[in-house]
>>> print(open('start-v5.cif').read())   # mmCIF, C-alpha atoms
data_data
#
loop_
_atom_site.label_atom_id
_atom_site.label_comp_id
_atom_site.auth_asym_id
_atom_site.auth_seq_id
_atom_site.Cartn_x
_atom_site.Cartn_y
_atom_site.Cartn_z
CA MET A 1 -11.93 13.55 -24.64
CA ILE A 2 -11.81 12.88 -28.36
CA ASP A 3 -9.36 14.82 -30.54
CA ILE A 4 -11.41 17.39 -32.49
CA LYS A 5 -9.14 16.79 -35.49
CA ARG A 6 -10.22 13.16 -35.51
CA ILE A 7 -13.86 14.24 -35.55
CA LYS A 8 -13.32 16.80 -38.32
CA ASP A 9 -11.25 14.46 -40.49
CA ASN A 10 -13.86 11.68 -40.53
CA PRO A 11 -17.08 12.44 -38.64
CA GLU A 12 -18.89 9.42 -40.09
CA ALA A 13 -16.21 7.03 -38.82
CA VAL A 14 -16.46 8.65 -35.38
CA LYS A 15 -20.24 8.24 -35.39
CA ALA A 16 -19.86 4.59 -36.42
CA GLY A 17 -17.43 4.04 -33.52
CA PHE A 18 -19.97 5.39 -31.05
CA ARG A 19 -22.70 3.22 -32.56
CA ALA A 20 -20.44 0.19 -32.06
CA LYS A 21 -20.49 1.18 -28.37
CA GLU A 22 -24.29 1.32 -28.57
CA VAL A 23 -24.29 5.08 -28.02
CA ASP A 24 -26.03 7.48 -30.39
CA CYS A 25 -23.89 10.60 -30.66
CA ASP A 26 -24.78 11.65 -34.22
CA GLU A 27 -26.48 14.89 -33.20
CA ALA A 28 -23.74 15.72 -30.69
CA VAL A 29 -21.01 15.21 -33.32
CA ASP A 30 -22.86 17.40 -35.84
CA ARG A 31 -23.39 20.11 -33.25
CA ILE A 32 -19.72 19.97 -32.17
CA LEU A 33 -18.67 20.54 -35.80
CA GLU A 34 -21.04 23.53 -36.04
CA LEU A 35 -19.74 24.98 -32.79
CA ASP A 36 -16.12 24.44 -33.82
CA ALA A 37 -16.72 26.37 -37.06
CA ALA A 38 -18.56 29.13 -35.16
CA ARG A 39 -15.80 29.28 -32.57
CA ARG A 40 -13.10 29.64 -35.20
CA ALA A 41 -15.10 32.29 -37.05
CA ALA A 42 -15.67 34.28 -33.85
CA ILE A 43 -11.97 34.09 -32.95
CA ALA A 44 -10.96 35.22 -36.46
CA GLU A 45 -13.46 38.10 -36.32
CA THR A 46 -12.18 39.25 -32.93
CA GLU A 47 -8.56 39.04 -34.07
CA ALA A 48 -9.39 41.12 -37.18
CA MET A 49 -11.07 43.81 -35.07
CA LYS A 50 -8.17 43.87 -32.61
CA ALA A 51 -5.73 44.19 -35.51
CA GLU A 52 -7.70 47.17 -36.83
CA GLN A 53 -7.80 48.62 -33.34
CA ASN A 54 -4.00 48.41 -33.02
CA LYS A 55 -3.44 49.86 -36.48
CA VAL A 56 -5.74 52.83 -35.92
CA SER A 57 -4.43 53.57 -32.42
CA LYS A 58 -0.93 53.94 -33.87
CA GLN A 59 -2.20 56.55 -36.34
CA ILE A 60 -3.76 58.84 -33.73
CA PRO A 61 -0.52 60.58 -32.57
CA GLN A 62 0.46 61.32 -36.18
CA LEU A 63 -2.99 62.70 -37.06
CA LYS A 64 -3.03 64.86 -33.94
CA LYS A 65 0.40 66.20 -34.79
CA ALA A 66 -0.82 67.06 -38.29
CA GLY A 67 -3.80 68.90 -36.78
CA GLU A 68 -6.40 66.59 -38.31
CA ASP A 69 -9.76 65.76 -36.72
CA VAL A 70 -9.44 62.47 -34.78
CA ALA A 71 -13.05 62.37 -33.51
CA PRO A 72 -14.16 59.88 -36.22
CA ILE A 73 -11.27 57.62 -35.29
CA PHE A 74 -12.21 57.69 -31.61
CA ALA A 75 -15.79 56.89 -32.61
CA ARG A 76 -14.57 53.92 -34.61
CA MET A 77 -12.41 52.78 -31.69
CA GLY A 78 -15.51 52.86 -29.49
CA GLU A 79 -17.42 50.78 -32.02
CA LEU A 80 -14.61 48.22 -32.16
CA LYS A 81 -14.41 48.00 -28.37
CA THR A 82 -18.15 47.33 -28.12
CA ALA A 83 -18.05 44.79 -30.96
CA ILE A 84 -15.08 42.95 -29.43
CA ALA A 85 -16.80 42.72 -26.06
CA ALA A 86 -19.98 41.37 -27.70
CA ASN A 87 -17.94 38.88 -29.70
CA ASP A 88 -16.05 37.73 -26.59
CA GLU A 89 -19.36 37.11 -24.84
CA LYS A 90 -20.64 35.18 -27.86
CA LEU A 91 -17.40 33.18 -27.96
CA GLY A 92 -17.72 32.33 -24.27
CA THR A 93 -21.22 30.93 -24.85
CA ILE A 94 -20.04 28.90 -27.85
CA GLU A 95 -17.02 27.50 -26.01
CA ALA A 96 -19.10 26.54 -22.96
CA GLU A 97 -21.51 24.47 -25.07
CA TYR A 98 -18.61 23.07 -27.12
CA ARG A 99 -16.73 21.92 -24.00
CA THR A 100 -19.85 20.37 -22.45
CA LEU A 101 -20.55 18.35 -25.59
CA MET A 102 -16.92 17.29 -26.00
CA LEU A 103 -16.81 16.09 -22.38
CA SER A 104 -20.04 14.15 -22.92
CA LEU A 105 -18.63 12.02 -25.73
CA PRO A 106 -17.42 8.54 -24.69
CA ASN A 107 -14.10 7.15 -25.82
CA LEU A 108 -13.98 5.52 -29.23
CA PRO A 109 -13.50 1.73 -29.16
CA ASP A 110 -10.45 0.15 -30.74
CA PRO A 111 -11.30 -0.92 -34.31
CA ASP A 112 -10.78 -4.65 -33.65
CA LEU A 113 -13.52 -4.81 -30.99
CA THR A 114 -16.78 -6.53 -31.86
CA PRO A 115 -19.67 -4.04 -31.98
CA GLY A 116 -22.56 -4.47 -29.55
CA GLY A 117 -23.06 -5.37 -25.93
CA LYS A 118 -21.91 -8.08 -23.53
CA GLU A 119 -23.60 -10.80 -25.56
CA ASN A 120 -20.74 -10.30 -28.05
CA ASN A 121 -17.92 -10.60 -25.50
CA GLU A 122 -15.23 -13.05 -26.61
CA PRO A 123 -13.53 -15.50 -24.21
CA LEU A 124 -9.85 -15.57 -25.25
CA ARG A 125 -8.40 -18.28 -22.99
CA TYR A 126 -9.14 -20.48 -19.99
CA TYR A 127 -6.89 -21.48 -17.12
CA GLY A 128 -7.35 -24.61 -15.03
CA GLU A 129 -10.50 -26.69 -14.66
CA PRO A 130 -13.83 -25.83 -13.01
CA HIS A 131 -14.02 -26.88 -9.37
CA LYS A 132 -16.01 -30.03 -8.61
CA PHE A 133 -17.36 -31.22 -5.23
CA ASP A 134 -18.19 -34.71 -4.00
CA PHE A 135 -20.57 -33.19 -1.42
CA GLU A 136 -23.28 -30.51 -1.36
CA PRO A 137 -21.33 -27.20 -1.23
CA LYS A 138 -22.45 -24.28 0.90
CA HIS A 139 -23.01 -20.68 -0.12
CA HIS A 140 -20.27 -18.26 0.96
CA VAL A 141 -22.71 -16.36 3.20
CA ASP A 142 -23.38 -19.51 5.20
CA LEU A 143 -19.70 -20.48 5.31
CA CYS A 144 -18.58 -17.01 6.41
CA THR A 145 -21.32 -16.86 9.05
CA ASP A 146 -20.65 -20.36 10.42
CA LEU A 147 -16.90 -19.72 10.63
CA GLY A 148 -17.30 -16.23 12.11
CA LEU A 149 -15.51 -14.52 9.21
CA ILE A 150 -18.17 -11.97 8.24
CA ASP A 151 -20.91 -10.33 10.28
CA TYR A 152 -23.56 -9.34 7.74
CA GLU A 153 -26.20 -8.28 10.27
CA ARG A 154 -23.95 -5.83 12.11
CA GLY A 155 -22.64 -4.45 8.82
CA VAL A 156 -26.22 -3.53 7.92
CA LYS A 157 -26.78 -2.27 11.47
CA LEU A 158 -23.82 0.11 11.17
CA ALA A 159 -24.25 1.38 7.61
CA GLY A 160 -27.36 -0.10 5.98
CA SER A 161 -27.99 -2.56 3.18
CA GLY A 162 -25.00 -3.31 0.94
CA PHE A 163 -22.40 -3.26 3.73
CA TRP A 164 -20.74 -6.02 5.75
CA LEU A 165 -18.21 -6.33 8.57
CA TYR A 166 -15.08 -8.49 8.50
CA LYS A 167 -14.12 -9.89 11.88
CA GLY A 168 -11.52 -12.16 13.45
CA MET A 169 -9.98 -14.52 10.94
CA GLY A 170 -12.17 -13.01 8.21
CA ALA A 171 -10.52 -9.62 8.69
CA ARG A 172 -7.09 -11.25 8.72
CA LEU A 173 -7.91 -13.24 5.58
CA GLU A 174 -9.06 -10.08 3.77
CA TRP A 175 -5.83 -8.31 4.79
CA ALA A 176 -3.79 -11.32 3.70
CA LEU A 177 -5.29 -11.03 0.21
CA LEU A 178 -4.36 -7.35 0.03
CA ASN A 179 -0.83 -8.07 1.26
CA TYR A 180 -0.41 -10.79 -1.35
CA PHE A 181 -1.48 -8.42 -4.13
CA MET A 182 0.76 -5.61 -2.87
CA ASP A 183 3.82 -7.84 -2.54
CA CYS A 184 3.38 -9.00 -6.15
CA HIS A 185 3.13 -5.43 -7.45
CA LEU A 186 6.16 -4.32 -5.49
CA ALA A 187 8.14 -7.26 -6.87
CA ASP A 188 7.16 -6.13 -10.39
CA GLY A 189 8.56 -2.65 -9.79
CA TYR A 190 5.31 -0.76 -9.35
CA GLU A 191 5.32 2.24 -7.01
CA MET A 192 2.87 2.16 -4.12
CA VAL A 193 0.70 5.25 -3.61
CA MET A 194 -1.62 6.01 -0.70
CA LEU A 195 -4.40 8.27 -1.93
CA PRO A 196 -7.00 10.57 -0.42
CA HIS A 197 -10.35 8.80 -0.25
CA MET A 198 -12.21 12.07 -0.84
CA LEU A 199 -11.68 13.77 -4.20
CA GLU A 200 -12.76 16.97 -5.91
CA TYR A 201 -14.83 17.23 -9.08
CA LYS A 202 -11.94 17.65 -11.51
CA CYS A 203 -10.69 14.14 -10.71
CA GLY A 204 -13.98 12.62 -11.85
CA GLU A 205 -13.96 14.77 -14.96
CA THR A 206 -10.41 13.77 -15.91
CA ALA A 207 -11.12 10.07 -15.40
CA GLY A 208 -14.16 10.38 -17.66
CA GLN A 209 -16.76 9.60 -15.02
CA PHE A 210 -18.11 13.17 -14.85
CA PRO A 211 -20.28 14.87 -15.91
CA LYS A 212 -22.31 11.89 -17.18
CA PHE A 213 -22.00 9.71 -14.06
CA ALA A 214 -21.72 12.44 -11.42
CA ASP A 215 -24.90 11.22 -9.72
CA GLU A 216 -23.54 7.70 -9.21
CA VAL A 217 -20.99 8.64 -6.54
CA TYR A 218 -21.33 9.51 -2.86
CA LYS A 219 -21.15 13.31 -2.77
CA ILE A 220 -19.96 15.18 0.30
CA GLU A 221 -21.36 18.51 1.40
CA ASN A 222 -18.98 20.86 3.20
CA PRO A 223 -20.44 24.08 4.64
CA THR A 224 -17.01 25.78 4.49
CA ASP A 225 -16.23 24.84 0.86
CA ASP A 226 -18.56 25.16 -2.13
CA ARG A 227 -16.51 22.81 -4.33
CA MET A 228 -18.05 19.41 -5.01
CA HIS A 229 -16.24 16.53 -3.27
CA PHE A 230 -17.03 12.84 -3.45
CA MET A 231 -15.85 9.49 -2.08
CA LEU A 232 -13.67 7.78 -4.66
CA PRO A 233 -15.42 4.93 -6.53
CA THR A 234 -12.03 3.46 -7.54
CA ALA A 235 -8.39 4.48 -7.13
CA GLU A 236 -8.25 5.02 -10.90
CA THR A 237 -10.27 8.22 -10.41
CA ALA A 238 -7.42 9.67 -8.35
CA LEU A 239 -4.48 8.08 -10.16
CA ALA A 240 -5.62 9.49 -13.51
CA SER A 241 -5.13 13.02 -12.12
CA LEU A 242 -1.66 12.64 -10.59
CA TYR A 243 -0.06 14.58 -13.46
CA ARG A 244 -3.03 16.71 -14.46
CA ASP A 245 -1.96 19.92 -16.27
CA GLU A 246 1.68 18.80 -16.33
CA ILE A 247 4.22 18.08 -19.08
CA LEU A 248 6.48 15.15 -18.21
CA PRO A 249 9.91 14.49 -19.72
CA GLU A 250 9.84 11.51 -22.09
CA SER A 251 12.51 9.80 -19.95
CA MET A 252 10.04 9.70 -17.04
CA LEU A 253 7.72 7.29 -18.85
CA PRO A 254 6.39 4.77 -18.20
CA ARG A 255 5.12 5.51 -14.69
CA LYS A 256 3.71 2.42 -12.97
CA PHE A 257 1.62 2.74 -9.82
CA PHE A 258 -0.62 0.71 -7.57
CA ALA A 259 -2.83 1.86 -4.74
CA TYR A 260 -4.99 0.22 -2.10
CA THR A 261 -8.27 1.98 -1.32
CA PRO A 262 -11.73 1.14 -0.18
CA CYS A 263 -14.11 1.86 -3.08
CA PHE A 264 -17.48 3.51 -2.57
CA ARG A 265 -20.33 2.86 -5.02
CA ARG A 266 -23.95 3.95 -4.78
CA GLU A 267 -24.86 1.09 -7.09
CA ALA A 268 -25.01 -2.22 -5.26
CA GLY A 269 -26.34 -5.73 -5.82
CA SER A 270 -29.76 -6.81 -6.94
CA HIS A 271 -32.15 -8.76 -4.74
CA ARG A 272 -31.45 -11.97 -6.66
CA ALA A 273 -30.62 -14.93 -4.46
CA ASP A 274 -27.31 -15.56 -6.27
CA GLU A 275 -26.08 -12.05 -5.46
CA ARG A 276 -26.65 -12.15 -1.72
CA GLY A 277 -23.62 -11.61 0.48
CA MET A 278 -20.60 -9.60 -0.67
CA VAL A 279 -20.59 -10.02 -4.45
CA ARG A 280 -21.91 -6.48 -4.85
CA GLY A 281 -21.87 -3.76 -2.22
CA HIS A 282 -21.55 -0.08 -1.52
CA GLN A 283 -18.01 -0.43 -0.13
CA PHE A 284 -15.28 -2.92 -1.00
CA ASN A 285 -11.48 -3.17 -0.98
CA LYS A 286 -9.37 -3.08 -4.11
CA ILE A 287 -5.79 -2.75 -5.29
CA GLU A 288 -5.66 -0.73 -8.50
CA MET A 289 -2.84 -0.82 -11.06
CA PHE A 290 -2.24 2.25 -13.23
CA GLN A 291 0.22 3.24 -15.95
CA TYR A 292 1.17 6.42 -17.78
CA THR A 293 2.97 5.45 -20.97
CA LEU A 294 4.15 6.57 -24.40
CA PRO A 295 1.52 6.12 -27.15
CA GLU A 296 3.69 3.61 -29.02
CA LYS A 297 4.08 1.54 -25.82
CA SER A 298 0.37 1.53 -25.02
CA ASP A 299 -0.47 -1.95 -26.34
CA GLU A 300 2.58 -3.45 -24.65
CA ALA A 301 1.55 -1.90 -21.33
CA PHE A 302 -1.97 -3.29 -21.74
CA GLU A 303 -0.70 -6.85 -22.20
CA GLU A 304 1.55 -6.42 -19.16
CA LEU A 305 -1.39 -5.42 -16.97
CA VAL A 306 -3.52 -8.32 -18.26
CA THR A 307 -0.72 -10.79 -17.50
CA LYS A 308 -0.27 -9.34 -14.02
CA ALA A 309 -3.98 -9.72 -13.22
CA GLU A 310 -4.00 -13.29 -14.57
CA ASN A 311 -0.95 -14.21 -12.50
CA LEU A 312 -2.57 -12.95 -9.30
CA VAL A 313 -5.59 -15.18 -9.90
CA LYS A 314 -3.38 -18.12 -10.87
CA GLY A 315 -1.46 -17.72 -7.62
CA LEU A 316 -4.68 -18.25 -5.66
CA GLY A 317 -5.32 -21.49 -7.54
CA PHE A 318 -8.54 -20.43 -9.27
CA HIS A 319 -9.91 -21.61 -12.58
CA PHE A 320 -10.61 -18.50 -14.67
CA ARG A 321 -11.10 -17.15 -18.15
CA THR A 322 -9.91 -13.97 -19.85
CA VAL A 323 -12.60 -12.21 -21.88
CA LYS A 324 -12.23 -9.53 -24.54
CA LEU A 325 -15.16 -7.15 -24.10
CA ALA A 326 -17.29 -6.05 -27.02
CA ALA A 327 -17.29 -2.33 -27.76
CA GLY A 328 -20.61 -1.73 -26.02
CA ASP A 329 -19.54 -3.48 -22.82
CA CYS A 330 -16.44 -1.30 -22.39
CA SER A 331 -16.95 1.62 -20.03
CA ALA A 332 -17.49 5.10 -21.46
CA SER A 333 -13.86 6.14 -20.85
CA MET A 334 -12.14 3.08 -22.28
CA ALA A 335 -11.08 2.11 -25.80
CA ARG A 336 -10.35 -1.50 -24.85
CA THR A 337 -11.05 -3.81 -21.90
CA TYR A 338 -10.27 -7.42 -20.96
CA ASP A 339 -12.01 -8.97 -17.96
CA ILE A 340 -10.60 -11.75 -15.78
CA GLU A 341 -13.56 -13.88 -14.67
CA ILE A 342 -13.63 -16.62 -12.03
CA GLN A 343 -16.28 -19.09 -10.95
CA ILE A 344 -18.24 -18.58 -7.75
CA PRO A 345 -19.97 -21.98 -7.44
CA SER A 346 -23.18 -20.63 -5.87
CA MET A 347 -23.62 -18.18 -8.77
CA ASN A 348 -23.48 -20.83 -11.51
CA GLY A 349 -21.26 -18.86 -13.83
CA TYR A 350 -18.29 -16.55 -14.22
CA LYS A 351 -17.90 -13.24 -12.39
CA GLU A 352 -15.41 -10.47 -13.18
CA VAL A 353 -12.65 -9.96 -10.58
CA SER A 354 -10.42 -7.71 -12.68
CA SER A 355 -10.99 -5.33 -15.57
CA VAL A 356 -7.89 -4.18 -17.44
CA SER A 357 -8.51 -1.19 -19.70
CA ASN A 358 -6.71 1.16 -22.07
CA ALA A 359 -8.03 4.72 -22.25
CA ARG A 360 -5.51 5.68 -24.97
CA ASP A 361 -5.23 9.51 -24.82
CA TYR A 362 -8.87 10.06 -23.74
CA GLN A 363 -8.17 10.78 -20.06
CA ALA A 364 -4.93 12.64 -20.87
CA ARG A 365 -6.81 15.09 -23.09
CA ARG A 366 -9.42 15.68 -20.40
CA GLY A 367 -6.70 16.30 -17.81
CA ASN A 368 -4.18 17.97 -20.15
CA ILE A 369 -1.49 15.41 -19.28
CA ARG A 370 1.41 15.47 -21.73
CA PHE A 371 5.05 14.52 -22.20
CA ARG A 372 7.75 16.29 -24.19
CA ARG A 373 9.07 14.18 -27.07
CA GLU A 374 12.87 14.26 -26.98
CA ALA A 375 13.26 13.95 -30.76
CA THR A 376 11.04 16.92 -31.57
CA GLY A 377 10.84 18.94 -28.37
CA LYS A 378 7.06 19.05 -28.81
CA PRO A 379 4.50 18.02 -26.17
CA GLU A 380 2.20 15.06 -26.87
CA PHE A 381 -0.57 13.44 -24.85
CA VAL A 382 0.34 10.38 -22.78
CA HIS A 383 -1.70 7.18 -22.76
CA THR A 384 -3.28 5.95 -19.51
CA LEU A 385 -4.17 2.39 -18.54
CA ASN A 386 -5.65 0.78 -15.45
CA GLY A 387 -6.45 -2.65 -14.08
CA SER A 388 -7.84 -4.20 -10.92
CA GLY A 389 -5.10 -6.01 -9.17
CA LEU A 390 -7.37 -7.20 -7.52
CA ALA A 391 -10.74 -6.38 -5.94
CA THR A 392 -11.50 -8.66 -2.99
CA SER A 393 -15.31 -8.58 -2.87
CA ARG A 394 -15.58 -11.45 -5.37
CA ILE A 395 -12.21 -13.08 -4.74
CA PHE A 396 -13.16 -13.64 -1.08
CA PRO A 397 -16.47 -15.49 -1.72
CA ALA A 398 -14.92 -17.49 -4.58
CA MET A 399 -12.00 -18.47 -2.33
CA VAL A 400 -14.32 -19.50 0.50
CA GLU A 401 -16.67 -21.49 -1.72
CA GLN A 402 -14.05 -23.21 -3.89
CA ASN A 403 -11.80 -24.10 -0.93
CA GLN A 404 -14.53 -25.45 1.35
CA ARG A 405 -14.42 -29.00 2.67
CA ALA A 406 -17.26 -31.36 3.55
CA ASP A 407 -16.94 -30.56 7.28
CA GLY A 408 -17.49 -26.82 6.63
CA SER A 409 -13.84 -25.80 7.05
CA ILE A 410 -11.87 -23.80 4.47
CA VAL A 411 -8.42 -24.49 3.07
CA VAL A 412 -6.27 -21.34 3.01
CA PRO A 413 -4.56 -20.76 -0.38
CA GLU A 414 -0.85 -21.49 -0.04
CA VAL A 415 0.23 -17.97 -1.09
CA LEU A 416 -1.73 -16.46 1.83
CA ARG A 417 -0.47 -18.70 4.63
CA LYS A 418 2.64 -16.67 5.40
CA TYR A 419 0.40 -13.71 6.24
CA LEU A 420 -1.63 -15.85 8.67
CA GLY A 421 1.18 -17.35 10.70
CA GLY A 422 1.29 -20.51 8.59
CA LEU A 423 -2.41 -21.32 9.07
CA GLU A 424 -3.53 -23.92 6.53
CA VAL A 425 -7.18 -24.53 7.40
CA ILE A 426 -9.86 -22.30 8.95
CA GLU A 427 -12.16 -24.40 11.11
CA LYS A 428 -15.21 -23.62 13.17
CA LYS A 429 -14.32 -22.93 16.79
#
>>> encode(input="start-v5.cif", output="structure tokens")
Amino acid sequence: MIDIKRIKDNPEAVKAGFRAKEVDCDEAVDRILELDAARRAAIAETEAMKAEQNKVSKQIPQLKKAGEDVAPIFARMGELKTAIAANDEKLGTIEAEYRTLMLSLPNLPDPDLTPGGKENNEPLRYYGEPHKFDFEPKHHVDLCTDLGLIDYERGVKLAGSGFWLYKGMGARLEWALLNYFMDCHLADGYEMVMLPHMLEYKCGETAGQFPKFADEVYKIENPTDDRMHFMLPTAETALASLYRDEILPESMLPRKFFAYTPCFRREAGSHRADERGMVRGHQFNKIEMFQYTLPEKSDEAFEELVTKAENLVKGLGFHFRTVKLAAGDCSASMARTYDIEIQIPSMNGYKEVSSVSNARDYQARRGNIRFRREATGKPEFVHTLNGSGLATSRIFPAMVEQNQRADGSIVVPEVLRKYLGGLEVIEKK
């Protein structure tokens, strides 16, 4: 949520920030300013009537004692009571529309981001060299099928299009990736959290995904509970609500977490030939990194998360690039995002395997997450950041394709071998 003071101080700058994100919020901003003024006026009017009510009610005993007629005063008290009730109802309507519009606004992009969409993304650095083959490489679907790592047909049989089934060494290889990621995060001092996979509506609202994207998740109907629940699309949705409606001591920050979860997305891949397999699906595995931090430490935390994601990809031996996203390519909730992109040979280009983002105080305002500043004793909003560390659904096909040999076998990355009993090569049985 955007700070209303920021909107009131410079509405045109706020509108320009949204336009940089390729979102037209001019009418919403103008309406929010109207509603804020109406809300303040209604509150002031109610407070004035209540003050008169209190003043007059104190006079009644004295007037009665003096034998004066108090009927006009009681009539006025009745008028005030009716007017206050009407004003409270009016205020409730104003505040409901105000809150809906405020929740609908995306986060403002950091001022150094290039306006526009993904065509304006900026590669910042490259690591390693693109992989080259001296033979005709296979697609990861064919490699995984030939080696018995993935059963695509039975995945569809069990759950429908956009699902797959790891089996045998494929399941062990997937788990080895997750173990490698988790060991790295533990070594860096991050706390592991195991989260519910089913969340309630407020989690999506705090993370910034609801109400706008409420139809893009898998909703769950429960005949014994009328609250909306949904399958988490990413662990960030849960992690952003850990301290919802709490005030943390300043000494408690930063808080650094990671969590493994399956992620459930209604959106899946296209029917393009280069997206067949497991590049996009309705369910995939991911380790998510998350930080709560002081506002002045926000940029430092962001760079830490980017470095962590880069190091994970380096450890697997991949060539990759780090890309600074243009304002319009950042998600609605984020002020800043860097993507780590690797090459999947069959896709003839780079694909994102980690997004590291800074929400600034946007999620904290939505979830009322604050800390108490030791120097002033006053509460302030924390900053929240997240990053994939990592998702496996693109790492796995990239690993299989880049590490394939002419005979159809796959070389296991060195960092994963200890999780596979020292296995160096996966060969067809």
>>> residues_around(input="start-v5.cif", residues="range 389-400 of chain A", least_positions_apart="2", cutoff="7 Å", atoms="all atoms listed in the file", output="list of chain:residue names")
A:His140, A:Phe181, A:Met278, A:Val279, A:Phe284, A:Asn285, A:Lys286, A:Ile287, A:Glu288, A:Met289, A:Ala309, A:Gln343, A:Ile344, A:Val353, A:Ser354, A:Gly387, A:Gln402, A:Asn403, A:Gln404, A:Ile410
>>> atom_distance(input="start-v5.cif", atom1="CA of Ala187 in chain A", atom2="CA of Lys308 in chain A")
11.2 Å
>>> closest_residue(input="start-v5.cif", among="A:Tyr127, A:Phe320, A:Phe258, A:Tyr419", to="Ile342 in chain A", atoms="only C-alpha atoms")
A:Phe320
>>> closest_residue(input="start-v5.cif", among="A:Pro111, A:Gly349, A:Gly367, A:Gly377", to="Cys203 in chain A", atoms="all atoms listed in the file")
A:Gly367
>>> residues_around(input="start-v5.cif", residues="range 236-243 of chain A", least_positions_apart="2", cutoff="7 Å", atoms="all atoms listed in the file", output="NGL selection string")
:A and (203-204 or 206-207 or 232 or 234 or 245-246 or 288 or 290 or 367 or 369 or 386)
>>> atom_distance(input="start-v5.cif", atom1="CA of Glu22 in chain A", atom2="CA of Gly328 in chain A")
5.4 Å
>>> atom_distance(input="start-v5.cif", atom1="CA of Arg405 in chain A", atom2="CA of Met169 in chain A")
17.3 Å
>>> closest_residue(input="start-v5.cif", among="A:Cys144, A:Met198, A:Val323, A:Ala96", to="Gly408 in chain A", atoms="all atoms listed in the file")
A:Cys144
>>> resolve_selection(input="start-v5.cif", expression="the PyMOL selection byres ((chain A and resi 145-155) around 10)", output="ChimeraX atom specification")
/A:140-144,156-174,277-278,408-410,426-429
>>> closest_residue(input="start-v5.cif", among="A:Met49, A:Ile43, A:Leu186, A:Val14", to="Gly78 in chain A", atoms="all atoms listed in the file")
A:Met49
>>> residues_around(input="start-v5.cif", residues="Pro295 in chain A", least_positions_apart="5", cutoff="9 Å", atoms="all atoms listed in the file", output="ChimeraX atom specification")
/A:360-361,380-383
>>> closest_residue(input="start-v5.cif", among="A:His197, A:Ala259, A:Leu305, A:Pro413", to="Gln283 in chain A", atoms="only C-alpha atoms")
A:His197
>>> resolve_selection(input="start-v5.cif", expression="the PyMOL selection byres ((chain A and resi 97-109) around 6)", output="PDB file with C-alpha atoms, in the frame of the given file")
ATOM      1  CA  MET A   1     -11.930  13.550 -24.640  1.00  0.00           C
ATOM      2  CA  GLY A  17     -17.430   4.040 -33.520  1.00  0.00           C
ATOM      3  CA  ILE A  94     -20.040  28.900 -27.850  1.00  0.00           C
ATOM      4  CA  GLU A  95     -17.020  27.500 -26.010  1.00  0.00           C
ATOM      5  CA  ALA A  96     -19.100  26.540 -22.960  1.00  0.00           C
ATOM      6  CA  ASP A 110     -10.450   0.150 -30.740  1.00  0.00           C
ATOM      7  CA  ALA A 327     -17.290  -2.330 -27.760  1.00  0.00           C
ATOM      8  CA  ALA A 332     -17.490   5.100 -21.460  1.00  0.00           C
ATOM      9  CA  SER A 333     -13.860   6.140 -20.850  1.00  0.00           C
ATOM     10  CA  MET A 334     -12.140   3.080 -22.280  1.00  0.00           C
ATOM     11  CA  ALA A 335     -11.080   2.110 -25.800  1.00  0.00           C
TER      12      ALA A 335
END
>>> residues_around(input="start-v5.cif", residues="Gly116 in chain A", least_positions_apart="2", cutoff="9 Å", atoms="only C-alpha atoms", output="JSON, numbers by chain")
{"A": [19, 20, 21, 22, 114, 118, 119, 120, 121, 326, 327, 328, 329]}
>>> resolve_selection(input="start-v5.cif", expression="the PyMOL selection byres ((chain A and resi 424) around 10)", output="short mmCIF file (atom, residue, chain, number, x, y, z; two decimals) with C-alpha atoms, in the coordinates of the input")
data_model
loop_
_atom_site.label_atom_id
_atom_site.label_comp_id
_atom_site.auth_asym_id
_atom_site.auth_seq_id
_atom_site.Cartn_x
_atom_site.Cartn_y
_atom_site.Cartn_z
CA ILE A 410 -11.87 -23.80 4.47
CA VAL A 411 -8.42 -24.49 3.07
CA VAL A 412 -6.27 -21.34 3.01
CA PRO A 413 -4.56 -20.76 -0.38
CA GLU A 414 -0.85 -21.49 -0.04
CA LEU A 416 -1.73 -16.46 1.83
CA ARG A 417 -0.47 -18.70 4.63
CA LYS A 418 2.64 -16.67 5.40
CA LEU A 420 -1.63 -15.85 8.67
CA GLY A 421 1.18 -17.35 10.70
CA GLY A 422 1.29 -20.51 8.59
CA LEU A 423 -2.41 -21.32 9.07
CA VAL A 425 -7.18 -24.53 7.40
CA ILE A 426 -9.86 -22.30 8.95
CA GLU A 427 -12.16 -24.40 11.11
#
>>> closest_residue(input="start-v5.cif", among="A:Lys351, A:Leu248, A:Lys297, A:Ala359", to="Arg280 in chain A", atoms="only C-alpha atoms")
A:Lys351
>>> residues_around(input="start-v5.cif", residues="Glu250 in chain A", least_positions_apart="2", cutoff="6 Å", atoms="all atoms listed in the file", output="PyMOL selection string")
chain A and resi 252-253+371-373
>>> write_last_selection(input="start-v5.cif", atoms="C-alpha atoms", output="compact mmCIF listing (two decimals), in the coordinates of the input")
# COMPACT_ATOMS: atom_id res chain seq x y z
CA MET A 252 10.04 9.70 -17.04
CA LEU A 253 7.72 7.29 -18.85
CA PHE A 371 5.05 14.52 -22.20
CA ARG A 372 7.75 16.29 -24.19
CA ARG A 373 9.07 14.18 -27.07
